[in-house]
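Visitor: Structure file structure.csv (CSV, C-alpha atoms) right here:
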```csv
chain,number,residue,atom,x,y,z
K,113,MET,CA,0.0,0.0,0.0
K,114,LYS,CA,1.1,3.5,-0.7
K,115,GLY,CA,-0.6,5.2,2.2
K,116,GLU,CA,-3.8,5.5,0.2
K,117,PRO,CA,-6.8,5.0,2.5
K,118,ILE,CA,-8.8,1.9,1.9
K,119,VAL,CA,-12.2,2.8,0.6
K,120,ILE,CA,-15.0,0.9,2.2
K,121,LEU,CA,-18.5,0.9,0.8
K,122,LEU,CA,-21.0,0.3,3.6
K,123,VAL,CA,-24.4,-0.9,2.5
K,124,GLU,CA,-26.7,-0.5,5.5
K,125,ASP,CA,-30.1,0.9,5.9
K,126,ASP,CA,-30.3,1.4,9.7
K,127,PRO,CA,-28.9,4.8,10.6
K,128,ALA,CA,-28.0,3.6,14.1
K,129,HIS,CA,-25.9,0.8,12.7
K,130,ILE,CA,-24.1,3.2,10.3
K,131,GLU,CA,-23.3,5.4,13.3
K,132,ILE,CA,-21.9,2.4,15.2
K,133,ILE,CA,-19.7,1.4,12.4
K,134,ARG,CA,-18.6,5.0,11.8
K,135,ARG,CA,-17.7,5.4,15.5
K,136,THR,CA,-15.7,2.2,15.7
K,137,PHE,CA,-13.7,3.1,12.6
K,138,ALA,CA,-13.1,6.7,13.9
K,139,GLU,CA,-11.9,5.3,17.2
K,140,SER,CA,-9.5,2.8,15.7
K,141,ARG,CA,-7.9,5.6,13.7
K,142,LEU,CA,-7.2,3.3,10.8
K,143,ALA,CA,-6.6,5.0,7.5
K,144,ASN,CA,-9.8,4.3,5.7
K,145,ARG,CA,-12.6,6.1,4.0
K,146,LEU,CA,-16.1,4.9,4.8
K,147,ILE,CA,-18.9,5.7,2.3
K,148,SER,CA,-22.4,4.5,3.1
K,149,VAL,CA,-25.4,3.9,0.9
K,150,GLU,CA,-28.8,2.9,2.3
K,151,ASP,CA,-30.2,0.2,0.0
K,152,GLY,CA,-29.2,-2.4,-2.5
K,153,GLN,CA,-30.2,-0.4,-5.6
K,154,GLU,CA,-28.0,2.5,-4.4
K,155,ALA,CA,-25.1,0.1,-3.9
K,156,LEU,CA,-25.4,-1.2,-7.5
K,157,ASP,CA,-25.8,2.4,-8.8
K,158,TYR,CA,-22.6,3.3,-6.9
K,159,MET,CA,-20.7,0.3,-8.3
K,160,TYR,CA,-21.8,1.1,-11.8
K,161,ARG,CA,-21.4,4.9,-11.4
K,162,LYS,CA,-25.1,5.6,-12.2
K,163,GLY,CA,-27.1,8.6,-11.3
K,164,LYS,CA,-25.5,10.7,-8.6
K,165,TYR,CA,-22.5,8.4,-8.4
K,166,LYS,CA,-20.9,9.5,-11.7
K,167,ASP,CA,-18.2,11.6,-10.0
K,168,GLU,CA,-15.1,9.4,-9.5
K,169,PHE,CA,-13.5,11.8,-7.0
K,170,ASN,CA,-16.3,11.9,-4.5
K,171,PHE,CA,-17.4,8.3,-5.1
K,172,PRO,CA,-14.2,6.2,-5.7
K,173,MET,CA,-14.4,2.5,-6.5
K,174,PRO,CA,-14.4,0.7,-3.1
K,175,ASN,CA,-11.6,-1.7,-2.1
K,176,LEU,CA,-14.0,-3.5,0.0
K,177,ILE,CA,-17.8,-3.8,0.3
K,178,LEU,CA,-19.4,-4.2,3.7
K,179,LEU,CA,-22.9,-5.5,3.0
K,180,ASP,CA,-26.0,-6.1,5.1
K,181,LEU,CA,-28.4,-8.7,3.8
K,182,ARG,CA,-31.8,-7.4,4.5
K,183,LEU,CA,-32.1,-4.2,2.6
K,184,PRO,CA,-34.8,-2.1,1.0
K,185,LYS,CA,-35.4,-2.3,-2.8
K,186,VAL,CA,-32.7,-4.8,-3.7
K,187,ASP,CA,-31.6,-7.5,-1.2
K,188,GLY,CA,-28.0,-7.8,-0.1
K,189,LEU,CA,-27.9,-11.2,-1.7
K,190,GLU,CA,-28.8,-9.8,-5.1
K,191,VAL,CA,-26.1,-7.1,-4.7
K,192,LEU,CA,-23.6,-9.9,-3.9
K,193,LYS,CA,-24.7,-12.0,-6.9
K,194,THR,CA,-24.5,-9.1,-9.3
K,195,THR,CA,-21.1,-8.0,-8.0
K,196,LYS,CA,-19.6,-11.5,-8.2
K,197,ALA,CA,-21.0,-12.2,-11.6
K,198,ASP,CA,-19.4,-9.2,-13.1
K,199,PRO,CA,-15.7,-9.7,-14.0
K,200,THR,CA,-14.9,-6.1,-13.5
K,201,LEU,CA,-16.2,-6.2,-9.9
K,202,SER,CA,-15.8,-9.8,-8.8
K,203,SER,CA,-12.3,-9.3,-7.3
K,204,THR,CA,-13.6,-6.7,-4.9
K,205,PRO,CA,-14.0,-8.5,-1.5
K,206,VAL,CA,-17.5,-8.5,-0.1
K,207,VAL,CA,-17.9,-9.0,3.6
K,208,ILE,CA,-21.4,-9.7,4.8
K,209,LEU,CA,-22.3,-7.9,8.1
K,210,THR,CA,-25.8,-8.8,9.2
K,211,THR,CA,-27.9,-9.5,12.2
K,212,SER,CA,-29.0,-12.9,10.7
K,213,PRO,CA,-27.2,-16.0,12.1
K,214,ALA,CA,-29.5,-18.1,9.8
K,215,GLU,CA,-27.7,-21.0,8.3
K,216,SER,CA,-29.6,-20.6,5.0
K,217,ASP,CA,-28.4,-17.0,4.7
K,218,MET,CA,-24.8,-18.0,5.4
K,219,VAL,CA,-24.9,-20.9,2.9
K,220,LYS,CA,-26.4,-18.7,0.2
K,221,ALA,CA,-23.9,-16.0,0.8
K,222,TYR,CA,-20.9,-18.3,0.5
K,223,GLU,CA,-22.4,-20.0,-2.5
K,224,ASN,CA,-22.4,-16.7,-4.1
K,225,HIS,CA,-18.8,-16.1,-3.3
K,226,ALA,CA,-19.0,-13.8,-0.3
K,227,ASN,CA,-15.5,-13.4,1.1
K,228,SER,CA,-16.5,-13.4,4.7
K,229,TYR,CA,-19.7,-13.6,6.8
K,230,LEU,CA,-20.0,-11.7,10.1
K,231,VAL,CA,-23.0,-11.6,12.5
K,232,LYS,CA,-23.5,-8.3,14.4
K,233,PRO,CA,-23.3,-9.3,18.1
K,234,VAL,CA,-25.9,-8.0,20.5
K,235,ASP,CA,-23.1,-7.5,23.1
K,236,PHE,CA,-21.4,-4.1,23.1
K,237,THR,CA,-17.9,-5.4,23.9
K,238,LYS,CA,-18.1,-8.1,21.3
K,239,PHE,CA,-19.4,-5.7,18.6
K,240,ASN,CA,-16.4,-3.5,19.4
K,241,GLN,CA,-14.0,-6.4,19.3
K,242,LEU,CA,-15.5,-7.5,16.0
K,243,MET,CA,-15.2,-4.2,14.4
K,244,ASN,CA,-11.6,-3.6,15.7
K,245,THR,CA,-10.5,-7.0,14.4
K,246,PHE,CA,-12.3,-6.4,11.2
K,247,GLY,CA,-10.5,-3.0,10.9
K,248,TYR,CA,-7.1,-4.5,11.4
K,249,TYR,CA,-7.6,-7.5,9.2
K,250,TRP,CA,-9.2,-5.7,6.2
K,251,VAL,CA,-7.6,-2.2,6.5
K,252,VAL,CA,-4.1,-2.9,7.8
K,253,TRP,CA,-3.2,-6.5,6.8
K,254,ASN,CA,-5.2,-7.4,3.8
K,255,GLN,CA,-3.7,-6.8,0.4
K,256,TYR,CA,-6.0,-5.6,-2.4
K,257,PRO,CA,-5.9,-6.5,-6.1
K,258,HIS,CA,-5.9,-2.9,-7.2
K,259,ASP,CA,-2.7,-2.1,-5.1
K,260,ASP,CA,0.3,-1.9,-7.3
J,981,MET,CA,-60.5,-47.4,-14.7
J,982,ILE,CA,-60.1,-44.6,-12.1
J,983,SER,CA,-63.4,-43.4,-10.8
J,984,PRO,CA,-64.0,-39.7,-11.3
J,985,TYR,CA,-64.3,-39.6,-7.6
J,986,ALA,CA,-60.7,-40.8,-7.1
J,987,SER,CA,-59.2,-38.4,-9.7
J,988,ASP,CA,-61.1,-35.6,-8.1
J,989,TRP,CA,-59.7,-36.5,-4.8
J,990,ARG,CA,-56.2,-36.7,-6.2
J,991,LEU,CA,-56.5,-33.2,-7.7
J,992,LYS,CA,-57.7,-31.9,-4.4
J,993,ARG,CA,-54.8,-33.5,-2.5
J,994,LYS,CA,-52.4,-31.9,-5.0
J,995,LYS,CA,-53.9,-28.5,-4.4
J,996,TYR,CA,-53.8,-28.9,-0.6
J,997,GLY,CA,-50.2,-30.0,-0.8
J,998,LYS,CA,-49.4,-26.9,-2.8
J,999,ASP,CA,-51.3,-24.6,-0.5
J,1000,LEU,CA,-49.5,-26.1,2.5
J,1001,ALA,CA,-46.1,-25.7,0.9
J,1002,GLU,CA,-46.9,-22.1,0.1
J,1003,LYS,CA,-48.1,-21.5,3.7
J,1004,ASN,CA,-44.9,-23.1,5.0
J,1005,THR,CA,-42.7,-20.8,2.9
J,1006,GLU,CA,-44.7,-17.9,4.0
J,1007,LEU,CA,-44.3,-18.8,7.7
J,1008,GLU,CA,-40.6,-19.4,7.2
J,1009,ARG,CA,-40.2,-15.9,5.7
J,1010,PHE,CA,-42.3,-14.5,8.4
J,1011,THR,CA,-40.2,-16.0,11.2
J,1012,TYR,CA,-37.0,-15.0,9.5
J,1013,THR,CA,-38.1,-11.4,8.9
J,1014,VAL,CA,-39.4,-11.0,12.4
J,1015,SER,CA,-36.3,-12.3,14.1
J,1016,HIS,CA,-34.0,-10.2,11.9
J,1017,ASP,CA,-36.0,-7.0,12.2
J,1018,LEU,CA,-36.5,-7.2,15.9
J,1019,LYS,CA,-32.9,-8.1,16.5
J,1020,SER,CA,-31.6,-5.1,14.7
J,1021,PRO,CA,-32.9,-2.5,17.1
J,1022,LEU,CA,-31.8,-4.7,20.0
J,1023,VAL,CA,-28.2,-4.5,18.7
J,1024,THR,CA,-28.6,-0.7,18.6
J,1025,VAL,CA,-29.9,-0.6,22.2
J,1026,LYS,CA,-27.1,-2.7,23.6
J,1027,THR,CA,-24.4,-1.0,21.6
J,1028,PHE,CA,-25.5,2.5,22.5
J,1029,LEU,CA,-25.9,1.5,26.2
J,1030,GLY,CA,-22.2,0.5,25.9
J,1031,TYR,CA,-21.3,3.9,24.5
J,1032,LEU,CA,-23.4,5.6,27.2
J,1033,GLY,CA,-21.3,3.9,29.8
J,1034,GLN,CA,-18.1,5.2,28.2
J,1035,ASP,CA,-19.5,8.7,27.7
J,1036,ILE,CA,-20.8,9.0,31.3
J,1037,ALA,CA,-17.3,8.0,32.5
J,1038,ALA,CA,-15.8,10.7,30.2
J,1039,ALA,CA,-18.6,13.2,31.2
J,1040,ASP,CA,-19.2,13.8,27.5
J,1041,ALA,CA,-22.6,15.5,27.7
J,1042,GLY,CA,-23.0,16.0,23.9
J,1043,ARG,CA,-22.4,12.4,23.1
J,1044,ILE,CA,-24.6,11.2,26.0
J,1045,GLU,CA,-27.5,13.1,24.5
J,1046,LYS,CA,-26.9,11.6,21.1
J,1047,ASP,CA,-26.6,8.1,22.4
J,1048,MET,CA,-29.9,8.4,24.2
J,1049,LEU,CA,-31.6,9.5,21.0
J,1050,TYR,CA,-30.4,6.3,19.3
J,1051,VAL,CA,-31.5,4.1,22.2
J,1052,ASN,CA,-34.8,5.8,22.3
J,1053,GLY,CA,-35.3,5.5,18.6
J,1054,ALA,CA,-34.5,1.8,18.6
J,1055,ALA,CA,-36.9,1.1,21.5
J,1056,ASP,CA,-39.6,3.0,19.7
J,1057,LYS,CA,-39.0,1.0,16.6
J,1058,MET,CA,-39.3,-2.3,18.4
J,1059,ASN,CA,-42.5,-1.1,20.0
J,1060,LYS,CA,-43.9,-0.2,16.6
J,1061,LEU,CA,-42.8,-3.5,15.0
J,1062,LEU,CA,-44.4,-5.4,17.9
J,1063,GLY,CA,-47.6,-3.4,17.6
J,1064,GLU,CA,-47.8,-4.1,13.9
J,1065,LEU,CA,-47.1,-7.8,14.4
J,1066,LEU,CA,-49.9,-8.0,17.0
J,1067,GLU,CA,-52.2,-6.3,14.5
J,1068,MET,CA,-51.3,-8.8,11.8
J,1069,SER,CA,-52.0,-11.7,14.1
J,1070,ARG,CA,-55.4,-10.2,15.0
J,1071,VAL,CA,-56.4,-10.2,11.3
J,1072,GLY,CA,-58.3,-13.5,10.9
J,1073,ARG,CA,-58.1,-14.4,14.5
J,1074,ILE,CA,-60.5,-11.8,15.8
J,1075,VAL,CA,-63.4,-11.7,13.4
J,1076,ASN,CA,-66.3,-9.3,13.8
J,1077,PRO,CA,-69.8,-10.7,12.9
J,1078,PRO,CA,-70.3,-10.2,9.2
J,1079,SER,CA,-72.6,-7.5,7.9
J,1080,GLU,CA,-73.7,-6.2,4.5
J,1081,VAL,CA,-71.9,-3.1,3.2
J,1082,THR,CA,-71.7,-1.5,-0.2
J,1083,PHE,CA,-68.5,-0.7,-2.1
J,1084,LYS,CA,-69.6,2.9,-2.1
J,1085,GLU,CA,-70.0,3.0,1.7
J,1086,LEU,CA,-66.5,1.5,2.2
J,1087,ALA,CA,-64.8,3.8,-0.2
J,1088,GLU,CA,-66.5,6.9,1.2
J,1089,GLU,CA,-65.7,5.9,4.8
J,1090,ALA,CA,-62.0,5.3,3.9
J,1091,GLU,CA,-62.0,8.8,2.3
J,1092,ARG,CA,-63.4,10.3,5.5
J,1093,ILE,CA,-60.8,8.6,7.7
J,1094,VAL,CA,-57.9,9.8,5.5
J,1095,ALA,CA,-59.6,13.2,5.0
J,1096,GLY,CA,-56.9,15.1,6.9
J,1097,ALA,CA,-54.0,13.9,4.7
J,1098,ILE,CA,-56.2,14.2,1.5
J,1099,LEU,CA,-56.9,17.9,2.3
J,1100,GLU,CA,-53.3,18.6,3.2
J,1101,GLY,CA,-52.0,17.1,0.0
J,1102,LYS,CA,-54.8,18.7,-2.0
J,1103,VAL,CA,-55.7,15.3,-3.5
J,1104,GLN,CA,-58.7,15.0,-5.8
J,1105,ILE,CA,-60.6,11.8,-5.0
J,1106,ARG,CA,-62.9,10.4,-7.6
J,1107,LEU,CA,-65.2,7.6,-6.6
J,1108,ILE,CA,-66.5,5.7,-9.6
J,1109,ASP,CA,-69.5,4.0,-8.1
J,1110,GLU,CA,-70.7,0.5,-9.0
J,1111,PRO,CA,-73.5,-1.4,-7.4
J,1112,VAL,CA,-71.4,-3.9,-5.6
J,1113,THR,CA,-72.4,-5.2,-2.1
J,1114,LEU,CA,-70.1,-7.0,0.2
J,1115,TYR,CA,-70.8,-9.3,3.1
J,1116,GLY,CA,-68.1,-9.7,5.7
J,1117,ASP,CA,-66.1,-8.2,8.6
J,1118,ARG,CA,-66.9,-4.6,7.9
J,1119,SER,CA,-64.0,-3.0,9.7
J,1120,ARG,CA,-61.5,-5.3,8.1
J,1121,LEU,CA,-62.9,-4.7,4.6
J,1122,LEU,CA,-62.7,-1.0,5.3
J,1123,GLU,CA,-59.1,-1.4,6.3
J,1124,ILE,CA,-58.2,-2.5,2.7
J,1125,TRP,CA,-59.5,0.7,1.2
J,1126,GLN,CA,-58.2,2.8,4.0
J,1127,ASN,CA,-54.6,1.4,3.7
J,1128,LEU,CA,-54.6,1.8,-0.1
J,1129,VAL,CA,-55.9,5.3,-0.1
J,1130,GLU,CA,-53.5,6.3,2.7
J,1131,ASN,CA,-50.6,4.9,0.7
J,1132,ALA,CA,-51.7,6.6,-2.5
J,1133,VAL,CA,-51.8,10.0,-0.6
J,1134,LYS,CA,-48.5,9.3,1.0
J,1135,PHE,CA,-46.7,8.5,-2.2
J,1136,MET,CA,-47.9,11.4,-4.3
J,1137,GLY,CA,-44.4,12.9,-4.6
J,1138,GLY,CA,-44.3,16.3,-6.3
J,1139,GLN,CA,-47.4,15.7,-8.3
J,1140,SER,CA,-49.0,19.1,-9.1
J,1141,ALA,CA,-52.5,17.7,-9.7
J,1142,PRO,CA,-52.7,14.7,-7.3
J,1143,ARG,CA,-55.6,12.4,-8.1
J,1144,ILE,CA,-56.9,9.1,-6.8
J,1145,ASP,CA,-59.6,7.0,-8.5
J,1146,ILE,CA,-61.5,4.4,-6.5
J,1147,GLY,CA,-63.5,2.0,-8.5
J,1148,VAL,CA,-64.5,-1.4,-9.7
J,1149,GLU,CA,-63.8,-3.3,-13.0
J,1150,TYR,CA,-65.1,-6.5,-14.3
J,1151,HIS,CA,-62.5,-8.9,-15.8
J,1152,ASP,CA,-64.6,-11.6,-17.4
J,1153,SER,CA,-66.8,-12.7,-14.6
J,1154,GLU,CA,-64.4,-11.5,-11.9
J,1155,THR,CA,-65.2,-8.3,-9.8
J,1156,VAL,CA,-61.9,-6.4,-9.4
J,1157,PHE,CA,-61.6,-3.4,-7.1
J,1158,PHE,CA,-59.0,-0.8,-7.7
J,1159,VAL,CA,-57.3,2.2,-6.2
J,1160,ARG,CA,-55.4,4.2,-8.8
J,1161,ASP,CA,-53.2,7.2,-8.2
J,1162,ASN,CA,-50.9,9.4,-10.3
J,1163,GLY,CA,-48.2,9.6,-7.7
J,1164,ILE,CA,-44.5,8.5,-7.7
J,1165,GLY,CA,-45.3,5.0,-9.0
J,1166,ILE,CA,-43.3,1.8,-8.2
J,1167,ASP,CA,-40.5,0.3,-10.3
J,1168,PRO,CA,-41.8,-3.1,-11.6
J,1169,LYS,CA,-38.8,-4.9,-10.1
J,1170,TYR,CA,-40.1,-4.1,-6.6
J,1171,HIS,CA,-43.7,-5.2,-7.3
J,1172,ALA,CA,-43.2,-8.7,-5.9
J,1173,LYS,CA,-41.5,-7.5,-2.7
J,1174,LEU,CA,-44.1,-4.9,-1.9
J,1175,PHE,CA,-46.5,-7.1,0.0
J,1176,ASN,CA,-43.9,-8.7,2.3
J,1177,ILE,CA,-44.0,-7.8,6.0
J,1178,PHE,CA,-41.7,-4.9,7.1
J,1179,GLU,CA,-40.9,-4.2,3.5
J,1180,LYS,CA,-40.1,-0.6,2.7
J,1181,ILE,CA,-39.1,0.4,-0.7
J,1182,ASN,CA,-37.9,3.7,0.5
J,1183,PRO,CA,-36.2,3.5,3.9
J,1184,LYS,CA,-36.9,7.2,4.5
J,1185,THR,CA,-40.7,7.0,4.4
J,1186,GLU,CA,-42.6,6.8,7.7
J,1187,GLY,CA,-44.2,3.6,8.8
J,1188,THR,CA,-43.0,0.0,9.4
J,1189,GLY,CA,-43.7,-1.4,5.9
J,1190,MET,CA,-46.5,-3.5,7.3
J,1191,GLY,CA,-49.6,-1.8,5.7
J,1192,LEU,CA,-49.6,-3.7,2.5
J,1193,ALA,CA,-48.8,-7.0,4.2
J,1194,ILE,CA,-51.9,-6.6,6.4
J,1195,THR,CA,-54.0,-5.6,3.4
J,1196,LYS,CA,-52.9,-8.7,1.6
J,1197,ARG,CA,-53.8,-10.9,4.5
J,1198,ILE,CA,-57.3,-9.4,4.7
J,1199,VAL,CA,-57.7,-9.9,1.0
J,1200,GLU,CA,-56.5,-13.5,1.2
J,1201,LEU,CA,-58.9,-14.2,4.0
J,1202,CYS,CA,-61.6,-13.3,1.5
J,1203,GLN,CA,-60.1,-15.8,-0.9
J,1204,GLY,CA,-58.9,-12.9,-3.0
J,1205,ARG,CA,-55.7,-11.7,-4.6
J,1206,ILE,CA,-54.0,-8.3,-4.6
J,1207,TRP,CA,-51.5,-7.0,-7.1
J,1208,VAL,CA,-50.1,-3.7,-8.3
J,1209,GLU,CA,-49.6,-2.3,-11.8
J,1210,SER,CA,-47.2,0.6,-12.3
J,1211,LYS,CA,-45.0,1.3,-15.2
J,1212,GLY,CA,-42.3,2.7,-12.9
J,1213,GLU,CA,-41.2,5.8,-11.1
J,1214,GLY,CA,-43.3,8.9,-11.7
J,1215,GLN,CA,-45.9,6.8,-13.6
J,1216,GLY,CA,-48.5,6.4,-10.8
J,1217,ALA,CA,-49.7,3.1,-9.5
J,1218,CYS,CA,-52.9,1.1,-9.5
J,1219,PHE,CA,-53.6,-1.5,-6.8
J,1220,PHE,CA,-56.1,-4.2,-7.9
J,1221,PHE,CA,-57.8,-6.7,-5.6
J,1222,THR,CA,-60.5,-9.2,-5.6
J,1223,LEU,CA,-62.7,-10.3,-2.7
J,1224,PRO,CA,-64.7,-13.4,-4.0
J,1225,GLY,CA,-65.3,-14.7,-0.4
J,1226,ALA,CA,-67.0,-11.4,0.6
J,1227,LEU,CA,-69.0,-10.7,-2.6
J,1228,LYS,CA,-72.7,-10.5,-2.3
J,1229,ASP,CA,-74.4,-11.2,-5.6
J,1230,LYS,CA,-73.9,-8.0,-7.7
J,1231,LYS,CA,-76.7,-8.6,-10.2
J,1232,LYS,CA,-79.4,-6.4,-8.7
J,1233,GLU,CA,-78.7,-3.6,-11.0
J,1234,GLY,CA,-82.2,-3.4,-12.6
```
The structure in this file should be written as structure tokens.
Guide:
Amino acid sequence: MKGEPIVILLVEDDPAHIEIIRRTFAESRLANRLISVEDGQEALDYMYRKGKYKDEFNFPMPNLILLDLRLPKVDGLEVLKTTKADPTLSSTPVVILTTSPAESDMVKAYENHANSYLVKPVDFTKFNQLMNTFGYYWVVWNQYPHDD
Amino acid sequence: MISPYASDWRLKRKKYGKDLAEKNTELERFTYTVSHDLKSPLVTVKTFLGYLGQDIAAADAGRIEKDMLYVNGAADKMNKLLGELLEMSRVGRIVNPPSEVTFKELAEEAERIVAGAILEGKVQIRLIDEPVTLYGDRSRLLEIWQNLVENAVKFMGGQSAPRIDIGVEYHDSETVFFVRDNGIGIDPKYHAKLFNIFEKINPKTEGTGMGLAITKRIVELCQGRIWVESKGEGQGACFFFTLPGALKDKKKEG
């Protein structure tokens, strides 16, 4: 990495959860840029630079997608399928972050090539630990295909 | 040779099997949605309580206030979701004695209930009367029109001449009711999702996304179907529904 911040696209419809994720990232002081969109259609528009997402400077292509499953308009699973089926997007890691521990969701996510599956813990300390570990793993240690 | 009796029975069994499978899928989706959607605000409550602890220790008044807003918001959301779920479970479980009511009476009463919002949105309502009489749980039947008219008013968008038509059409021998608006419309790709519980196409709109699920449930209890037609955003929407189980014969026209 050349000190460029990692761009994370957060797809999450609950404003409280967006705030939690923003706070944990801000507290960890890791170099990253978090951009959030509120539904599956917005996520796809973003990835395909449609509508208000044409501007590459304000809406850079994400290095990582943090995706909730239950979303308005287009489901998280649909976003995952579309992303992974498109050769220009398929190498971008997609991490599922959901409240659902349902086996069926997990299986479907992995079948559609999710790179990781995380369940939001109901416990404060655990949620913090999860987000910190997540931050270190994906922001500090993980190497991305677009890095030269 | 198979007796006509046996083949009839076989057909029936096939249909029951299919109905049961459909009910099972519905129940599965129901449980899934409820557990997910109720857990989500719980995560919020627990997490922001954790932040509150930190912020009280740091005597950060600004953040304490903000944290409390999030906790409050999540608790309110849970309360609303539970209220709607209870409402949903009441449909079909608590049934008022059936009575006779005309289509016109129901449409007019729905209009009266939503009058505030109609006036505020300067919405023109047109009731296209047809001599149709229904027989059933009056307040549930009323809820169908009320929900649909409420939605139509709510999703008018920037329409300068908002209009809602309430009427009846006859498709072959089927009596089909409709509520049509010239509001923001619904993209066809969301039409199937629309009637699911807690489904909101636009996360920013008020409500829990339960109105259409309840409406569908009432319609189904009358052995009917409900569907939407809309060409897409900005094109208005028309909700159609049938109520065969609540139809009183409509042939008293002359």
Visitor: Using all atoms listed in the file, find each residue in chain J having at least one atom no more than 9 Å away from chain K; report its shortest atom-to-atom pair and that distance in Å (one decimal), rows by chain then rising number, as JSON lines.
Guide:
```
{"residue": "J:Tyr1012", "atom": "CA", "partner": "K:Ala214", "partner_atom": "CA", "distance": 8.1}
{"residue": "J:Thr1013", "atom": "CA", "partner": "K:Arg182", "partner_atom": "CA", "distance": 8.7}
{"residue": "J:Ser1015", "atom": "CA", "partner": "K:Ser212", "partner_atom": "CA", "distance": 8.1}
{"residue": "J:His1016", "atom": "CA", "partner": "K:Ser212", "partner_atom": "CA", "distance": 5.8}
{"residue": "J:Asp1017", "atom": "CA", "partner": "K:Thr211", "partner_atom": "CA", "distance": 8.5}
{"residue": "J:Lys1019", "atom": "CA", "partner": "K:Thr211", "partner_atom": "CA", "distance": 6.7}
{"residue": "J:Ser1020", "atom": "CA", "partner": "K:Thr211", "partner_atom": "CA", "distance": 6.3}
{"residue": "J:Pro1021", "atom": "CA", "partner": "K:Ala128", "partner_atom": "CA", "distance": 8.4}
{"residue": "J:Leu1022", "atom": "CA", "partner": "K:Val234", "partner_atom": "CA", "distance": 6.8}
{"residue": "J:Val1023", "atom": "CA", "partner": "K:Val234", "partner_atom": "CA", "distance": 4.6}
{"residue": "J:Thr1024", "atom": "CA", "partner": "K:Ala128", "partner_atom": "CA", "distance": 6.3}
{"residue": "J:Val1025", "atom": "CA", "partner": "K:Val234", "partner_atom": "CA", "distance": 8.6}
{"residue": "J:Lys1026", "atom": "CA", "partner": "K:Phe236", "partner_atom": "CA", "distance": 5.9}
{"residue": "J:Thr1027", "atom": "CA", "partner": "K:Phe236", "partner_atom": "CA", "distance": 4.6}
{"residue": "J:Phe1028", "atom": "CA", "partner": "K:Phe236", "partner_atom": "CA", "distance": 7.8}
{"residue": "J:Leu1029", "atom": "CA", "partner": "K:Phe236", "partner_atom": "CA", "distance": 7.8}
{"residue": "J:Gly1030", "atom": "CA", "partner": "K:Phe236", "partner_atom": "CA", "distance": 5.4}
{"residue": "J:Tyr1031", "atom": "CA", "partner": "K:Phe236", "partner_atom": "CA", "distance": 8.1}
{"residue": "J:Tyr1050", "atom": "CA", "partner": "K:Ala128", "partner_atom": "CA", "distance": 6.3}
{"residue": "J:Val1051", "atom": "CA", "partner": "K:Ala128", "partner_atom": "CA", "distance": 8.8}
{"residue": "J:Gly1053", "atom": "CA", "partner": "K:Ala128", "partner_atom": "CA", "distance": 8.8}
{"residue": "J:Ala1054", "atom": "CA", "partner": "K:Ala128", "partner_atom": "CA", "distance": 8.1}
{"residue": "J:Lys1169", "atom": "CA", "partner": "K:Lys185", "partner_atom": "CA", "distance": 8.5}
{"residue": "J:Tyr1170", "atom": "CA", "partner": "K:Lys185", "partner_atom": "CA", "distance": 6.3}
{"residue": "J:Lys1173", "atom": "CA", "partner": "K:Lys185", "partner_atom": "CA", "distance": 8.0}
{"residue": "J:Glu1179", "atom": "CA", "partner": "K:Pro184", "partner_atom": "CA", "distance": 6.9}
{"residue": "J:Lys1180", "atom": "CA", "partner": "K:Pro184", "partner_atom": "CA", "distance": 5.8}
{"residue": "J:Ile1181", "atom": "CA", "partner": "K:Lys185", "partner_atom": "CA", "distance": 5.0}
{"residue": "J:Asn1182", "atom": "CA", "partner": "K:Pro184", "partner_atom": "CA", "distance": 6.6}
{"residue": "J:Pro1183", "atom": "CA", "partner": "K:Pro184", "partner_atom": "CA", "distance": 6.5}
```
Visitor: Of the candidates K:Thr204, K:Thr194, K:Ser140, K:Ser148, which one gets nearest to Leu122 in chain K if we count all atoms listed in the file?
Guide: K:Ser148
Visitor: For a test of reading the model, state the distance in Å between CA of Val123 in chain K and CA of Ile1044 in chain J, rounded to one decimal.
Guide: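 Computed distance, CA of Val123 in chain K to CA of Ile1044 in chain J, equals 26.4 Å.
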Visitor: Quick one: residues within 8 Å of Val191 in chain K, all atoms listed in the file counted, chain neighbours fewer than 3 positions away excluded, as a list in words?
Guide: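 In the requested format, the answer is Gly152, Gln153, Ala155, Leu156, Val186, Asp187, Gly188, Thr194 and Thr195 of chain K.
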Visitor: Quick one: pull the distance between CA of Ile118 in chain K and CA of Tyr165 in chain K, Å, one decimal.
Guide: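 Value for the CA of Ile118 in chain K-CA of Tyr165 in chain K distance: 18.3 Å.
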Visitor: Quote the spacing between CA of Ser203 in chain K and CA of Asn227 in chain K in Å to one decimal place.
Guide: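 The value is 9.9 Å.
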Visitor: Show which residues sit within 12 Å of range 1109-1120 of chain J, as number ranges by chain. Count only C-alpha atoms, and ignore same-chain residues fewer than 4 positions away.
Guide: J: 1067-1068, 1070-1090, 1124-1127, 1145-1150, 1155-1158, 1194-1202, 1222-1234
Visitor: Show me, as a ChimeraX atom specification, the residues that have an atom within 8 Å of Gly247 in chain K when counting all atoms listed in the file, minus same-chain residues fewer than 4 positions from it.
Guide: /K:137,140,142,243,251-252
Visitor: Taking 4 positions as the minimum chain separation for residues in the same chain, which residues sit within 12 Å of range 1141-1143 of chain J when counting all atoms listed in the file? Answer as a list in words.
Guide: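 Surrounding residues, per the criterion: Ile1098, Leu1099, Glu1100, Gly1101, Lys1102, Val1103, Gln1104, Ile1105, Arg1106, Leu1107, Val1129, Ala1132, Val1133, Lys1134, Phe1135, Met1136, Gly1137, Val1159, Arg1160, Asp1161, Asn1162, Gly1163, Ile1164, Gly1214, Gly1216, Ala1217 and Cys1218 of chain J.
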